[in-house]
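S.K.: This is query-v2.cif, which holds mmCIF, C-alpha atoms:
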```
data_structure
#
loop_
_atom_site.label_atom_id
_atom_site.label_comp_id
_atom_site.auth_asym_id
_atom_site.auth_seq_id
_atom_site.Cartn_x
_atom_site.Cartn_y
_atom_site.Cartn_z
CA GLN O 246 0.00 0.00 0.00
CA VAL O 247 1.39 3.38 -1.02
CA GLN O 248 1.76 5.81 1.85
CA TYR O 249 3.38 9.21 2.30
CA VAL O 250 4.23 10.64 5.70
CA GLU O 251 5.26 14.29 5.72
CA SER O 252 7.07 15.81 8.70
CA GLY O 253 9.17 18.80 9.72
CA GLY O 254 6.62 21.56 9.56
CA GLY O 255 6.15 24.19 12.22
CA LEU O 256 6.05 27.86 13.05
CA VAL O 257 8.97 29.95 11.79
CA GLN O 258 9.67 33.65 11.50
CA PRO O 259 10.01 35.33 8.10
CA GLY O 260 13.49 34.75 6.73
CA GLY O 261 13.84 31.50 8.63
CA SER O 262 14.34 27.94 7.41
CA LEU O 263 12.65 24.57 7.72
CA ARG O 264 13.45 21.12 6.36
CA LEU O 265 10.53 18.93 5.43
CA SER O 266 10.80 15.19 5.00
CA CYS O 267 8.59 12.80 3.07
CA THR O 268 8.87 9.16 4.02
CA VAL O 269 7.55 6.85 1.33
CA SER O 270 6.30 3.32 1.85
CA GLY O 271 4.85 0.83 -0.59
CA PHE O 272 7.35 1.39 -3.39
CA THR O 273 10.95 2.40 -4.06
CA SER O 274 10.78 6.16 -4.38
CA GLU O 275 13.98 6.52 -6.41
CA ASP O 276 12.25 4.72 -9.30
CA TYR O 277 9.64 7.46 -9.67
CA ALA O 278 9.25 11.21 -9.82
CA ILE O 279 8.15 12.66 -6.50
CA GLY O 280 6.71 16.12 -5.99
CA TRP O 281 6.07 18.53 -3.17
CA PHE O 282 2.77 20.35 -3.18
CA ARG O 283 1.18 22.92 -0.92
CA GLN O 284 -2.26 24.27 -0.18
CA ALA O 285 -2.70 27.65 1.40
CA PRO O 286 -5.96 28.63 3.12
CA GLY O 287 -8.63 29.34 0.54
CA LYS O 288 -6.43 28.34 -2.38
CA GLU O 289 -6.06 25.28 -4.57
CA ARG O 290 -3.32 22.75 -3.99
CA GLU O 291 -0.36 23.41 -6.28
CA ALA O 292 2.90 21.75 -7.20
CA ILE O 293 5.97 23.65 -6.06
CA SER O 294 8.86 21.24 -6.55
CA CYS O 295 9.56 17.89 -8.16
CA ILE O 296 12.46 15.50 -8.57
CA SER O 297 12.57 13.00 -11.39
CA SER O 298 13.53 9.36 -10.96
CA GLU O 299 17.15 8.35 -10.53
CA TYR O 300 16.93 6.69 -13.96
CA SER O 301 15.93 10.06 -15.42
CA GLY O 302 18.82 11.78 -13.69
CA ALA O 303 17.07 13.01 -10.56
CA SER O 304 16.44 16.34 -12.26
CA THR O 305 14.88 18.99 -10.06
CA TYR O 306 12.10 21.42 -10.88
CA TYR O 307 10.73 24.41 -8.99
CA SER O 308 7.83 26.78 -9.34
CA ASP O 309 8.72 30.44 -9.76
CA SER O 310 7.38 31.15 -6.27
CA VAL O 311 10.03 29.00 -4.56
CA LYS O 312 12.90 28.89 -7.06
CA GLY O 313 16.17 29.92 -5.46
CA ARG O 314 14.84 29.42 -1.94
CA PHE O 315 13.76 25.75 -1.79
CA THR O 316 15.84 22.67 -2.57
CA ILE O 317 14.45 19.19 -3.15
CA SER O 318 16.63 16.14 -2.62
CA ARG O 319 16.48 12.39 -2.17
CA ASP O 320 17.79 10.12 0.56
CA ASN O 321 17.40 6.80 -1.20
CA ALA O 322 18.74 4.79 1.73
CA LYS O 323 15.80 6.05 3.80
CA ASN O 324 13.28 6.10 0.92
CA THR O 325 12.78 9.76 1.76
CA ILE O 326 12.48 12.99 -0.20
CA ASN O 327 13.44 16.20 1.56
CA LEU O 328 12.56 19.83 0.94
CA GLN O 329 14.93 22.41 2.37
CA MET O 330 13.12 25.73 2.64
CA ASN O 331 15.12 28.89 3.19
CA SER O 332 14.23 32.58 3.26
CA LEU O 333 10.67 31.73 4.17
CA LYS O 334 7.96 34.29 3.57
CA PRO O 335 4.47 34.66 5.09
CA GLU O 336 3.02 33.62 1.72
CA ASP O 337 4.72 30.23 2.12
CA THR O 338 2.23 29.45 4.89
CA ALA O 339 0.37 26.32 3.82
CA VAL O 340 -0.05 22.62 4.37
CA TYR O 341 2.72 20.81 2.51
CA TYR O 342 2.27 17.41 0.88
CA CYS O 343 4.44 15.02 -1.08
CA ALA O 344 3.25 12.47 -3.63
CA ARG O 345 4.00 10.83 -6.95
CA PRO O 346 2.63 13.00 -9.75
CA LEU O 347 0.70 11.28 -12.54
CA GLY O 348 2.62 13.23 -15.16
CA PRO O 349 6.25 14.23 -15.69
CA CYS O 350 7.87 16.74 -13.36
CA SER O 351 8.23 19.30 -16.12
CA MET O 352 4.50 19.44 -16.82
CA THR O 353 3.55 19.08 -13.15
CA ILE O 354 5.48 22.22 -12.25
CA ALA O 355 4.82 24.22 -15.42
CA GLU O 356 1.06 23.70 -15.16
CA LYS O 357 0.92 23.59 -11.34
CA ARG O 358 -0.79 20.23 -11.55
CA SER O 359 -1.97 18.36 -8.47
CA GLN O 360 -2.94 15.00 -9.96
CA VAL O 361 -1.13 12.38 -7.91
CA ASP O 362 -1.48 8.75 -6.89
CA THR O 363 -2.59 9.45 -3.31
CA TRP O 364 -2.18 12.06 -0.58
CA GLY O 365 -0.72 11.87 2.89
CA GLN O 366 -1.85 13.92 5.84
CA GLY O 367 0.51 16.80 5.08
CA THR O 368 2.54 18.98 7.42
CA GLN O 369 1.63 22.54 8.40
CA VAL O 370 4.11 25.33 7.77
CA THR O 371 3.34 28.72 9.26
CA VAL O 372 5.56 31.69 8.57
CA SER O 373 4.75 34.53 10.92
CA SER O 374 6.39 37.00 13.25
#
```
Any chance you could give the structure as structure tokens?

M.R.:
Amino acid sequence: QVQYVESGGGLVQPGGSLRLSCTVSGFTSEDYAIGWFRQAPGKEREAISCISSEYSGASTYYSDSVKGRFTISRDNAKNTINLQMNSLKPEDTAVYYCARPLGPCSMTIAEKRSQVDTWGQGTQVTVSS
């Protein structure tokens, strides 16, 4: 059974950093693209970052809103995908989710798609002073 468990969220001041982790069970995550998504209050869920499979070179993709501030990476030994978030802004406040997108990373990010195999419970990130 596919399952995603997101962790690492919390309350942080503007300009601060957080590191989110996504622990995958049910399949070997390095064999698939994995994305990070977020949903802010009153807004639709959107893709913000994606990493392609190891076979495809583990290429990374970012939405314009997080490019240069967030870094996605894999820890294949732990079957985990991490999201390092720096220079956080109040507009980054959202529930963050990870999942396997149904399309390629390039299209998932370019079109802000949120079609995935299944969702976990997410982790809340609040950026506030």

S.K.: Please enumerate the residues selected by the PyMOL selection byres ((chain O and resi 351-360) around 7) when evaluated against the supplied file, formatted as an mmCIF file with C-alpha atoms, in the coordinates of the input.

M.R.:
```cif
data_model
loop_
_atom_site.group_PDB
_atom_site.id
_atom_site.type_symbol
_atom_site.label_atom_id
_atom_site.label_comp_id
_atom_site.auth_asym_id
_atom_site.auth_seq_id
_atom_site.Cartn_x
_atom_site.Cartn_y
_atom_site.Cartn_z
ATOM 1 C CA ARG O 290 -3.320 22.750 -3.990
ATOM 2 C CA GLU O 291 -0.360 23.410 -6.280
ATOM 3 C CA ALA O 292 2.900 21.750 -7.200
ATOM 4 C CA ILE O 293 5.970 23.650 -6.060
ATOM 5 C CA SER O 294 8.860 21.240 -6.550
ATOM 6 C CA TYR O 306 12.100 21.420 -10.880
ATOM 7 C CA TYR O 307 10.730 24.410 -8.990
ATOM 8 C CA SER O 308 7.830 26.780 -9.340
ATOM 9 C CA PRO O 346 2.630 13.000 -9.750
ATOM 10 C CA LEU O 347 0.700 11.280 -12.540
ATOM 11 C CA GLY O 348 2.620 13.230 -15.160
ATOM 12 C CA PRO O 349 6.250 14.230 -15.690
ATOM 13 C CA CYS O 350 7.870 16.740 -13.360
ATOM 14 C CA VAL O 361 -1.130 12.380 -7.910
#
```

S.K.: Restricting the calculation to all atoms listed in the file: of O:Ser310, O:Ser373, O:Thr338, O:Gln329, which residue gets closest to Cys267 in chain O?

M.R.: O:Gln329

S.K.: Please, what distance in Å, to one decimal, runs between CA of Leu333 in chain O and CA of Glu299 in chain O?

M.R.: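 Computing the Euclidean distance for CA of Leu333 in chain O and CA of Glu299 in chain O yields 28.4 Å.
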
S.K.: Please identify all polymer residues lying at most 8 Å from the point (19.3, 11.5, -4.8) (file coordinates), using only C-alpha atoms, and present the result as a PyMOL selection string.

M.R.: chain O and resi 275+299+303+318-321

S.K.: May I ask for the distance between CA of Gln284 in chain O and CA of Lys323 in chain O, given in Å to one decimal place?

M.R.: 26.0 Å

S.K.: Using only C-alpha atoms, pick whichever of O:Tyr341, O:Phe315, O:Phe272, O:Tyr249 has the shortest atom-to-atom distance to Pro286 in chain O.

M.R.: O:Tyr341

S.K.: Can you sort out the box for range 316-335 of chain O, edges along x, y and z, all listed atoms in, 6 Å on every side, with centre and edge lengths in Å to one decimal, as lines of an AutoDock Vina configuration file?

M.R.:
```
center_x = 11.6
center_y = 19.7
center_z = 1.0
size_x = 26.3
size_y = 41.9
size_z = 20.2
```

S.K.: Given the PyMOL selection byres ((chain O and resi 256) around 6) and the file above, list the residues it selects as a list in words.

M.R.: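 Answer for the PyMOL selection byres ((chain O and resi 256) around 6): Gly255, Val257, Thr371 and Val372 of chain O.
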